[in-house]
$ cat query18.cif   # mmCIF, C-alpha atoms
data_query
loop_
_atom_site.label_atom_id
_atom_site.label_comp_id
_atom_site.auth_asym_id
_atom_site.auth_seq_id
_atom_site.Cartn_x
_atom_site.Cartn_y
_atom_site.Cartn_z
CA MET A 1 10.24 -7.38 -13.72
CA VAL A 2 7.12 -5.47 -12.77
CA GLY A 3 5.75 -4.99 -16.31
CA GLU A 4 2.18 -6.26 -16.69
CA LYS A 5 2.20 -7.67 -13.14
CA VAL A 6 -0.96 -7.21 -11.12
CA ILE A 7 -0.33 -5.91 -7.60
CA TYR A 8 -2.59 -5.95 -4.54
CA PHE A 9 -1.95 -3.68 -1.54
CA THR A 10 -3.65 -4.19 1.80
CA TRP A 11 -3.50 -0.68 3.14
CA LEU A 12 -4.34 2.46 1.28
CA LEU A 13 -2.76 5.18 3.38
CA ARG A 14 0.62 3.54 3.94
CA SER A 15 0.83 2.41 0.32
CA LYS A 16 0.55 5.77 -1.48
CA VAL A 17 4.26 6.45 -1.79
CA ILE A 18 5.01 2.88 -2.91
CA VAL A 19 2.19 2.98 -5.46
CA GLU A 20 3.50 6.29 -6.82
CA LYS A 21 7.02 4.85 -7.08
CA ILE A 22 5.77 1.79 -8.98
CA LEU A 23 3.72 3.91 -11.39
CA ARG A 24 6.67 6.25 -11.97
CA ASP A 25 9.45 3.67 -12.32
CA ALA A 26 7.50 0.72 -13.76
CA PRO A 27 4.74 2.33 -15.84
CA ALA A 28 4.10 -0.96 -17.68
CA VAL A 29 2.69 -2.44 -14.47
CA GLY A 30 -0.73 -3.97 -14.95
CA GLN A 31 -3.55 -3.26 -12.52
CA ILE A 32 -2.91 -2.15 -8.93
CA TYR A 33 -5.67 -3.03 -6.46
CA LEU A 34 -5.89 -1.28 -3.08
CA LEU A 35 -7.88 -2.79 -0.19
CA ILE A 36 -9.89 0.10 1.22
CA ARG A 37 -12.21 0.02 4.21
CA ALA A 38 -15.44 1.67 3.15
CA GLY A 39 -18.09 2.98 5.47
CA SER A 40 -20.91 5.42 5.90
CA ARG A 41 -18.58 8.04 7.42
CA THR A 42 -15.63 7.48 5.07
CA GLY A 43 -17.35 6.75 1.74
CA THR A 44 -17.05 3.94 -0.78
CA ALA A 45 -13.73 2.37 -1.74
CA GLU A 46 -13.73 4.31 -5.01
CA GLU A 47 -14.55 7.61 -3.25
CA ARG A 48 -11.71 7.09 -0.78
CA LEU A 49 -9.35 6.13 -3.61
CA GLU A 50 -10.20 9.39 -5.39
CA LYS A 51 -10.01 11.61 -2.30
CA GLU A 52 -7.19 10.04 -0.27
CA VAL A 53 -4.93 8.65 -2.98
CA LEU A 54 -5.38 10.36 -6.34
CA HIS A 55 -5.55 13.84 -4.77
CA SER A 56 -2.65 13.13 -2.43
CA ALA A 57 0.54 15.18 -2.59
CA ALA A 58 2.36 11.85 -3.02
CA PHE A 59 1.24 11.93 -6.65
CA SER A 60 2.29 15.52 -7.42
CA ARG A 61 5.40 14.44 -9.34
CA LEU A 62 3.34 12.10 -11.55
CA ARG A 63 0.64 14.75 -11.94
CA SER A 64 3.28 17.20 -13.13
CA THR A 65 5.00 14.68 -15.43
CA TRP A 66 1.87 13.22 -17.01
CA GLY A 67 -0.15 16.45 -17.09
CA SER A 68 -3.59 16.01 -18.57
CA ASP A 69 -3.02 12.25 -18.97
CA PHE A 70 -2.67 11.74 -15.19
CA ASP A 71 -6.34 11.02 -14.45
CA SER A 72 -6.79 8.54 -17.29
CA VAL A 73 -3.47 6.71 -16.77
CA VAL A 74 -3.69 6.46 -12.99
CA GLY A 75 -7.45 5.95 -13.03
CA GLY A 76 -6.94 3.05 -15.42
CA LYS A 77 -4.24 1.44 -13.25
CA LEU A 78 -5.64 1.85 -9.71
CA THR A 79 -8.76 0.15 -8.43
CA GLY A 80 -10.16 0.41 -4.92
CA VAL A 81 -11.42 -2.88 -3.49
CA ALA A 82 -13.90 -2.65 -0.62
CA GLY A 83 -12.74 -4.83 2.24
CA ASP A 84 -11.57 -5.05 5.81
CA LEU A 85 -8.46 -6.75 7.13
CA THR A 86 -10.26 -7.66 10.35
CA THR A 87 -12.94 -9.80 8.71
CA SER A 88 -12.98 -13.23 7.09
CA ARG A 89 -11.49 -13.31 3.57
CA LEU A 90 -10.54 -9.65 4.05
CA GLY A 91 -14.22 -8.70 3.77
CA ILE A 92 -14.00 -9.02 -0.02
CA GLU A 93 -17.14 -9.99 -1.94
CA PRO A 94 -16.88 -13.61 -3.22
CA SER A 95 -16.96 -12.69 -6.94
CA VAL A 96 -14.28 -10.02 -6.41
CA TRP A 97 -12.18 -12.49 -4.33
CA GLN A 98 -12.32 -14.98 -7.21
CA ARG A 99 -11.32 -12.37 -9.81
CA LEU A 100 -8.44 -11.10 -7.66
CA THR A 101 -7.09 -14.55 -6.85
CA ASP A 102 -7.10 -15.28 -10.60
CA GLU A 103 -5.29 -12.04 -11.50
CA VAL A 104 -2.94 -10.97 -8.68
CA ASP A 105 0.82 -11.66 -9.03
CA VAL A 106 2.18 -9.68 -6.06
CA VAL A 107 0.52 -9.10 -2.65
CA ILE A 108 2.01 -6.30 -0.55
CA ASN A 109 0.81 -6.23 3.04
CA SER A 110 1.48 -3.00 4.89
CA ALA A 111 -1.67 -3.07 7.01
CA ALA A 112 -1.40 -2.90 10.77
CA THR A 113 -2.29 -0.76 13.70
CA ALA A 114 0.59 1.28 15.07
CA VAL A 115 -1.45 2.61 17.99
CA PHE A 116 0.53 1.33 20.94
CA ASP A 117 -2.25 1.78 23.48
CA GLU A 118 -4.83 0.01 21.30
CA PRO A 119 -7.00 -2.47 23.22
CA VAL A 120 -5.25 -5.85 23.02
CA ASP A 121 -8.13 -7.63 21.27
CA GLN A 122 -8.20 -5.00 18.51
CA ALA A 123 -4.41 -5.03 18.12
CA VAL A 124 -4.40 -8.84 17.86
CA GLU A 125 -7.20 -8.71 15.29
CA SER A 126 -5.30 -6.22 13.11
CA ASN A 127 -1.69 -7.26 13.66
CA THR A 128 -1.98 -11.04 14.08
CA HIS A 129 -5.18 -12.25 12.44
CA GLY A 130 -5.01 -9.62 9.68
CA PRO A 131 -1.68 -10.90 8.32
CA GLU A 132 -3.01 -14.48 8.61
CA ARG A 133 -5.89 -13.43 6.33
CA VAL A 134 -3.46 -11.79 3.91
CA VAL A 135 -1.44 -15.03 3.77
CA GLU A 136 -4.70 -16.90 3.10
CA PHE A 137 -5.42 -14.50 0.23
CA ALA A 138 -1.89 -14.74 -1.22
CA THR A 139 -2.04 -18.54 -0.99
CA ALA A 140 -5.36 -18.53 -2.86
CA CYS A 141 -3.80 -16.52 -5.69
CA ARG A 142 -2.54 -18.61 -8.60
CA ASP A 143 1.18 -17.95 -8.02
CA ALA A 144 1.53 -14.72 -6.06
CA VAL A 145 4.55 -13.41 -4.23
CA LEU A 146 3.82 -12.03 -0.74
CA VAL A 147 5.70 -8.99 0.59
CA HIS A 148 5.12 -8.00 4.22
CA VAL A 149 6.04 -4.47 5.33
CA SER A 150 6.51 -3.91 9.05
CA THR A 151 5.39 -0.65 10.61
CA ALA A 152 7.25 -0.57 13.91
CA TYR A 153 10.74 0.72 14.60
CA VAL A 154 11.72 1.38 11.01
CA SER A 155 13.27 4.83 11.35
CA GLY A 156 16.56 3.77 12.87
CA ARG A 157 18.16 6.43 15.02
CA ARG A 158 16.16 9.36 13.61
CA PRO A 159 14.46 11.26 16.45
CA GLY A 160 11.06 12.93 16.30
CA SER A 161 8.34 12.62 13.72
CA ILE A 162 9.44 10.95 10.48
CA PRO A 163 7.21 12.11 7.62
CA GLU A 164 6.33 9.84 4.72
CA GLU A 165 7.78 11.52 1.67
CA ILE A 166 9.11 10.70 -1.75
CA LEU A 167 12.89 10.60 -1.97
CA PRO A 168 14.54 12.95 -4.46
CA ASP A 169 15.61 11.32 -7.73
CA GLY A 170 18.94 9.52 -7.37
CA CYS A 171 18.78 9.53 -3.56
CA CYS A 172 18.44 6.55 -1.26
CA VAL A 173 17.65 6.22 2.45
CA ARG A 174 21.30 5.47 3.28
CA GLN A 175 22.37 8.83 1.81
CA LEU A 176 19.78 10.73 3.85
CA LEU A 177 20.77 9.00 7.07
CA GLU A 178 24.48 9.57 6.45
CA LYS A 179 23.81 13.31 5.96
CA GLU A 180 21.96 13.46 9.29
CA ASN A 181 23.92 11.09 11.52
CA GLY A 182 27.09 9.95 9.80
CA SER A 183 27.10 6.31 8.78
CA PRO A 184 23.97 4.70 10.32
CA PHE A 185 25.06 1.16 9.52
CA ASP A 186 28.35 0.98 11.47
#

$ encode --input "query18.cif" --output "structure tokens"
Amino acid sequence: MVGEKVIYFTWLLRSKVIVEKILRDAPAVGQIYLLIRAGSRTGTAEERLEKEVLHSAAFSRLRSTWGSDFDSVVGGKLTGVAGDLTTSRLGIEPSVWQRLTDEVDVVINSAATAVFDEPVDQAVESNTHGPERVVEFATACRDAVLVHVSTAYVSGRRPGSIPEEILPDGCCVRQLLEKENGSPFD
């Protein structure tokens, strides 16, 4: 049961559709924290949350359903946390780390680099040491469940660019793949 659970995501951009799905289907969820890399060119964690998440098309269904309540409901549930997967303790300030490890019930790691010509040292930092740091964080939480989402080779036999989009109500991935290719799981 997701009700009142506190969730922590490690990567803002890949998490939008999942966050929208949780808010839509489990509106009793407690707080959702999103690790967001802040910087002088990109803005603060809260600015990026506002610009890149709350104004995203991924939330159009919720915006339409909740109308004028959207900003207050979603704004009250989502919190950007300044940090960086490639630094010790995810780059989270010590007081924030303590608060999160006391509150978080579910850690969802979807952070990685999917740039296949990335310099090896950078890829190792993001894709090997980053998940190690996420495990360290999840272990420090009082009793959190850790979910790891892989980014490579997840589109099966679908050719071309696969956009991230919200599935229509009542539809699952299997149905979409069967429409396109026949049964994809034979």

$ resolve_selection --input "query18.cif" --expression "the PyMOL selection byres ((chain A and resi 105) around 7)" --output "PyMOL selection string"
chain A and resi 5-7+103-104+106-107+143-145

$ resolve_selection --input "query18.cif" --expression "the PyMOL selection byres ((chain A and resi 133) around 10)" --output "list in words"
Leu85, Thr86, Thr87, Ser88, Arg89, Leu90, Gly91, Ser126, Thr128, His129, Gly130, Pro131, Glu132, Val134, Val135, Glu136, Phe137, Ala138 and Thr139 of chain A

$ closest_residue --input "query18.cif" --among "A:Val149, A:Leu54, A:Cys171, A:Val29" --to "Gly80 in chain A" --atoms "all atoms listed in the file"
A:Leu54

$ residues_around --input "query18.cif" --residues "range 13-25 of chain A" --least-positions-apart "4" --cutoff "7 Å" --atoms "all atoms listed in the file" --output "ChimeraX atom specification"
/A:9,53,58-59,62,110,166

$ closest_residue --input "query18.cif" --among "A:Glu4, A:Asp84, A:Glu52, A:Asp71" --to "Ala38 in chain A" --atoms "all atoms listed in the file"
A:Asp84

$ atom_distance --input "query18.cif" --atom1 "CA of Arg61 in chain A" --atom2 "CA of Arg174 in chain A"
22.2 Å

$ atom_distance --input "query18.cif" --atom1 "CA of Thr101 in chain A" --atom2 "CA of Arg142 in chain A"
6.3 Å

$ atom_distance --input "query18.cif" --atom1 "CA of Arg41 in chain A" --atom2 "CA of Ile92 in chain A"
19.2 Å

$ closest_residue --input "query18.cif" --among "A:Asp169, A:Ala82, A:Pro159, A:Ser68" --to "Gly43 in chain A" --atoms "only C-alpha atoms"
A:Ala82

$ axis_aligned_box --input "query18.cif" --around "range 68-72 of chain A" --padding-each-side "8 Å" --output "JSON"
{"center_x": -4.7, "center_y": 12.3, "center_z": -16.7, "size_x": 20.1, "size_y": 23.5, "size_z": 20.5}

$ closest_residue --input "query18.cif" --among "A:Ile36, A:Gln122, A:Ile108, A:Asp102" --to "Leu146 in chain A" --atoms "all atoms listed in the file"
A:Ile108

$ closest_residue --input "query18.cif" --among "A:Lys51, A:Arg99, A:Arg63, A:His148" --to "Asn127 in chain A" --atoms "only C-alpha atoms"
A:His148

$ closest_residue --input "query18.cif" --among "A:Ile32, A:Pro119, A:Ala140, A:Cys172" --to "Lys77 in chain A" --atoms "only C-alpha atoms"
A:Ile32

$ residues_around --input "query18.cif" --residues "Val81 in chain A" --least-positions-apart "2" --cutoff "7 Å" --atoms "all atoms listed in the file" --output "ChimeraX atom specification"
/A:33-36,45,79,83
